[in-house]
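Worksheet: one structure, shown below.
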Amino acid sequence: MADITFKGLYKIFDGDVTAVSDFSLDIEDKEFIVFVGPSGCGKSTTLRMVAGLEEITKGELYIGDEMVNDVAPKDRDIAMVFQNYALYPHMNVYDNMAFGLKLRKFKKAEIDDRVRNAAKILGLTEMLDRKPKAMSGGQRQRVALGRAIVRNPKVFLMDEPLSNLDAKLRVQMRAEITKLHQRLQTTTIYVTHDQTEAMTMATRIVVMKDGLIQQVGRPKDIYDYPDNVFVGGFIGSPAMNFLAGKLKDGFFHLGDHKIKVPEGKLKLLGNYNNKDIILGIRPEDIHDEPVFIEASEHSSFEAEIDVAELMGSETYLYSKIDNQDFIARVDSRTDINGGDKLKMAMDMNKCHFFDIETELRIR
Ligand code: ATP
C-alpha cells in the first residue's frame, strides 16, 4: 500500500518566501493525483518535499504508515520523472534504464528482465542500443519513464514531464501515461500548469494558488462545481465567464439586461437580494440556437459579436454584455462574423454565483 498523507505541510525558504502553506491531503493507494496551478503556486516544491529533495519546514508527511520527513530520498521507494528527462547522454537506452538498478546492486538477470519488460511496455525494444541524442523528444521521455518503471517503486512523481514536447506529442504521451497508470496502478503525483492535462489524466485534481490548496476533487466535480472564482477561471478552456451584476427580486441585473434566476439557485441567494454578486457561466452554457432561445425568454439578450473564431467543430464568439467581456462556445454550423448582432441565451440552470468580496461560490 502506498497512500500518501500530508498533514499541515509548510515550506518557507530563506528570506521568508512561503512557497507552501498548511498543505493537508490524503492520497489513496493507486490514485493518479494532479497538482495544477499557475507558475509559482508551489506545486513543484510540494512534489520535491515528497521526493525528499526539499526539506519540510513544518508539518508531517507519511508514505504508507511511515513518517518520512527525515527519510533520505533514496530510501523513500519513489521514482521521479522530470521535464528535462535527465538522461545520461553517453549511455544507450538500455544502460540509462538499468543504471538505477545497478546502483542498487540488483542481479544482472533481474536487471535484464526489468529493463526488457519496461522497454516492451513503452515500445522501446528496438531502440535499446540507441543513445539519447539519436532519439526524438517523445522517445526520450519514454526512456525517462522506463527508468522510473524498472524501479517498481511505491510512488511515481512526475514534474511537468510533457512540457518539452510539441502539442501533438503531448496529447499522445498524455494517453500513454494514463494507460501506463491503468496497467501498473502505481500511486502517482503529477505536476502541471496545464489544466487540460489535469482534467484528462487525474483521478483527483489538487488546484493550487499562492502556496494554498484551492480545491481538491474529481475532474468533473471541479469543472461543474468550482469552489471559487479562481478555480472556475483556471479549470476549463476557454475559461468560465464572470459577470458582475446586482441581484434584485429574483432577477440578475446586468445594466439594462434582466435575467431571471431559477428558483433552485435563488434559494441559495437569500442574503444577497439588492447586492452585487458575480455570475459565473461556462462558454458552452451560452447558446445561440433559436429553439433554446425561444424556450429561455427570461435569460436571452442581444449582443454584438466582436470576433468569431472558427475552431473546426465549434466556434468561439467574443462579445460583451453590459460592457463586460464574455465568450460563448457554439456549434460552428452557423456562419457568424465579427460585427453581427445576435440573439443569445444563458442556461441559468448551469450557472453559479460567487460572493463579490470573498469570491467563494454561494451554495
Ligand atoms: P512552476 O510551474 O513555475 O515551476 P511551481 O508552482 O512549481 O511553479 P514552485 O517552483 O514550487 O512553483 O515555487 C513556489 C514559490 O517558491 C515561488 O514563489 C518560487 O519563487 C519560490 N521558490 C522556489 N524555490 C525556491 C528556492 N530555492 N529559494 C527561494 N524561493 C524559492
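Here, A, B, ... name the chains of the C-alpha cells in the order displayed, residue numbers run from 1 inside each chain, and ligands are numbered from 1 in the same displayed order.
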
Would you give me, as a Markdown table, each residue of range 96-184 of chain A having an atom within 9 Å of an atom of range 69-82 of chain A, along with its shortest atom pair and that distance in Å to one decimal, using only C-alpha atoms and sorting by chain and residue number?
| residue | atom | partner | partner_atom | distance |
| --- | --- | --- | --- | --- |
| A:Gln141 | CA | A:Val81 | CA | 8.6 |
| A:Ala144 | CA | A:Val81 | CA | 6.3 |
| A:Leu145 | CA | A:Val81 | CA | 6.4 |
| A:Arg147 | CA | A:Ala79 | CA | 8.4 |
| A:Ala148 | CA | A:Ala79 | CA | 5.2 |
| A:Ile149 | CA | A:Ala79 | CA | 7.9 |
| A:Arg151 | CA | A:Ala79 | CA | 7.1 |
| A:Asn152 | CA | A:Ala79 | CA | 8.3 |
| A:Pro153 | CA | A:Ile78 | CA | 5.1 |
| A:Lys154 | CA | A:Asp77 | CA | 5.7 |
| A:Val155 | CA | A:Ile78 | CA | 4.7 |
| A:Phe156 | CA | A:Ala79 | CA | 5.1 |
| A:Leu157 | CA | A:Met80 | CA | 4.6 |
| A:Met158 | CA | A:Val81 | CA | 4.7 |
| A:Asp159 | CA | A:Phe82 | CA | 5.1 |
| A:Glu160 | CA | A:Phe82 | CA | 6.6 |
| A:Pro161 | CA | A:Phe82 | CA | 5.3 |
| A:Leu162 | CA | A:Phe82 | CA | 8.8 |

Per residue of chain A within 12 Å of ligand 1, which atom pair is closest and at what distance in Å (one decimal), using only C-alpha atoms and all ligand atoms, listed by chain and increasing number, as CSV?
residue,atom,partner,partner_atom_place_in_ligand_line,distance
A:Tyr10,CA,ligand 1,16 (O),11.2
A:Lys11,CA,ligand 1,16 (O),8.3
A:Ile12,CA,ligand 1,30 (N),8.0
A:Phe13,CA,ligand 1,29 (C),4.9
A:Asp14,CA,ligand 1,29 (C),6.3
A:Gly15,CA,ligand 1,29 (C),7.3
A:Asp16,CA,ligand 1,29 (C),8.2
A:Val17,CA,ligand 1,30 (N),5.7
A:Thr18,CA,ligand 1,16 (O),6.7
A:Ala19,CA,ligand 1,16 (O),4.1
A:Val20,CA,ligand 1,14 (C),7.1
A:Ser21,CA,ligand 1,14 (C),10.5
A:Phe35,CA,ligand 1,6 (O),8.7
A:Val36,CA,ligand 1,6 (O),7.7
A:Gly37,CA,ligand 1,6 (O),6.2
A:Pro38,CA,ligand 1,6 (O),6.0
A:Ser39,CA,ligand 1,3 (O),3.6
A:Gly40,CA,ligand 1,12 (O),3.4
A:Cys41,CA,ligand 1,6 (O),3.7
A:Gly42,CA,ligand 1,11 (O),3.2
A:Lys43,CA,ligand 1,6 (O),4.1
A:Ser44,CA,ligand 1,7 (O),3.5
A:Thr45,CA,ligand 1,11 (O),3.6
A:Thr46,CA,ligand 1,11 (O),6.4
A:Leu47,CA,ligand 1,11 (O),8.0
A:Arg48,CA,ligand 1,11 (O),8.2
A:Met49,CA,ligand 1,11 (O),9.8
A:Leu53,CA,ligand 1,27 (N),10.7
A:Glu54,CA,ligand 1,27 (N),8.6
A:Glu55,CA,ligand 1,27 (N),10.6
A:Phe82,CA,ligand 1,4 (O),11.4
A:Gln83,CA,ligand 1,4 (O),10.3
A:Met158,CA,ligand 1,7 (O),11.6
A:Asp159,CA,ligand 1,7 (O),8.3
A:Glu160,CA,ligand 1,2 (O),8.1
A:Pro161,CA,ligand 1,4 (O),11.7
A:Ser163,CA,ligand 1,2 (O),10.4
A:Tyr190,CA,ligand 1,7 (O),11.2
A:Val191,CA,ligand 1,7 (O),7.6
A:Thr192,CA,ligand 1,2 (O),6.8
A:His193,CA,ligand 1,2 (O),5.8
A:Asp194,CA,ligand 1,2 (O),9.4
A:Val206,CA,ligand 1,6 (O),11.9
A:Val207,CA,ligand 1,6 (O),10.4
A:Met208,CA,ligand 1,6 (O),7.9
A:Lys209,CA,ligand 1,6 (O),8.0
A:Asp210,CA,ligand 1,14 (C),7.7
A:Gly211,CA,ligand 1,14 (C),6.8
A:Leu212,CA,ligand 1,14 (C),10.5
A:Ile213,CA,ligand 1,6 (O),11.5

Output C-alpha atoms of each residue in that selection to a file, as an mmCIF file, in the first residue's frame.
data_model
loop_
_atom_site.group_PDB
_atom_site.id
_atom_site.type_symbol
_atom_site.label_atom_id
_atom_site.label_comp_id
_atom_site.auth_asym_id
_atom_site.auth_seq_id
_atom_site.Cartn_x
_atom_site.Cartn_y
_atom_site.Cartn_z
ATOM 1 C CA TYR A 10 4.767 24.197 5.072
ATOM 2 C CA LYS A 11 7.770 25.189 3.031
ATOM 3 C CA ILE A 12 9.331 28.514 3.924
ATOM 4 C CA PHE A 13 12.504 29.335 2.019
ATOM 5 C CA ASP A 14 15.298 31.513 3.399
ATOM 6 C CA GLY A 15 14.393 35.119 3.095
ATOM 7 C CA ASP A 16 10.840 34.346 4.103
ATOM 8 C CA VAL A 17 9.295 33.061 0.881
ATOM 9 C CA THR A 18 6.334 30.922 1.934
ATOM 10 C CA ALA A 19 6.102 28.553 -1.038
ATOM 11 C CA VAL A 20 3.612 26.106 0.513
ATOM 12 C CA SER A 21 1.139 26.787 3.338
ATOM 13 C CA PHE A 35 -1.232 19.186 -8.723
ATOM 14 C CA VAL A 36 -2.190 22.057 -11.015
ATOM 15 C CA GLY A 37 -1.867 25.811 -10.759
ATOM 16 C CA PRO A 38 -0.116 28.810 -12.274
ATOM 17 C CA SER A 39 3.636 29.297 -12.203
ATOM 18 C CA GLY A 40 4.955 29.839 -8.679
ATOM 19 C CA CYS A 41 1.944 28.366 -6.860
ATOM 20 C CA GLY A 42 4.122 25.839 -5.017
ATOM 21 C CA LYS A 43 3.284 22.613 -6.824
ATOM 22 C CA SER A 44 6.889 21.636 -7.642
ATOM 23 C CA THR A 45 8.033 22.474 -4.132
ATOM 24 C CA THR A 46 5.322 20.215 -2.693
ATOM 25 C CA LEU A 47 6.363 17.389 -5.029
ATOM 26 C CA ARG A 48 10.007 17.895 -4.129
ATOM 27 C CA MET A 49 9.138 17.584 -0.449
ATOM 28 C CA LEU A 53 14.677 16.879 -2.392
ATOM 29 C CA GLU A 54 13.345 19.769 -0.324
ATOM 30 C CA GLU A 55 13.320 19.882 3.463
ATOM 31 C CA PHE A 82 11.440 15.288 -14.782
ATOM 32 C CA GLN A 83 10.585 17.647 -17.601
ATOM 33 C CA MET A 158 6.226 13.438 -12.315
ATOM 34 C CA ASP A 159 7.143 17.108 -12.679
ATOM 35 C CA GLU A 160 5.802 18.577 -15.937
ATOM 36 C CA PRO A 161 7.086 15.531 -17.860
ATOM 37 C CA SER A 163 6.253 20.277 -21.285
ATOM 38 C CA TYR A 190 1.811 14.547 -11.429
ATOM 39 C CA VAL A 191 2.603 18.267 -11.525
ATOM 40 C CA THR A 192 1.496 20.521 -14.371
ATOM 41 C CA HIS A 193 0.338 24.058 -15.079
ATOM 42 C CA ASP A 194 -1.801 22.710 -17.929
ATOM 43 C CA VAL A 206 -5.494 19.485 -6.477
ATOM 44 C CA VAL A 207 -5.791 23.108 -7.622
ATOM 45 C CA MET A 208 -3.204 25.409 -6.020
ATOM 46 C CA LYS A 209 -2.602 29.149 -5.895
ATOM 47 C CA ASP A 210 -0.078 31.137 -3.868
ATOM 48 C CA GLY A 211 1.034 28.060 -1.926
ATOM 49 C CA LEU A 212 -2.506 27.216 -0.832
ATOM 50 C CA ILE A 213 -4.831 24.421 -1.891
#

### Task
Mind checking which residues fall within 6 Å of Leu9 in chain A, counting only C-alpha atoms, ignoring those fewer than 5 positions away in the same chain, and posting them as JSON, numbers by chain?
{"A": [22, 23, 58, 59]}

### Task
Point out the residue among A:Tyr316, A:Tyr223, A:Phe301, A:Phe326 with the least atom-to-atom distance to Phe242 in chain A, counting only C-alpha atoms.
A:Phe326

### Message
Between CA of Lys320 in chain A and CA of Glu294 in chain A, what distance in Å does the model show, to one decimal?
### Response
21.0 Å
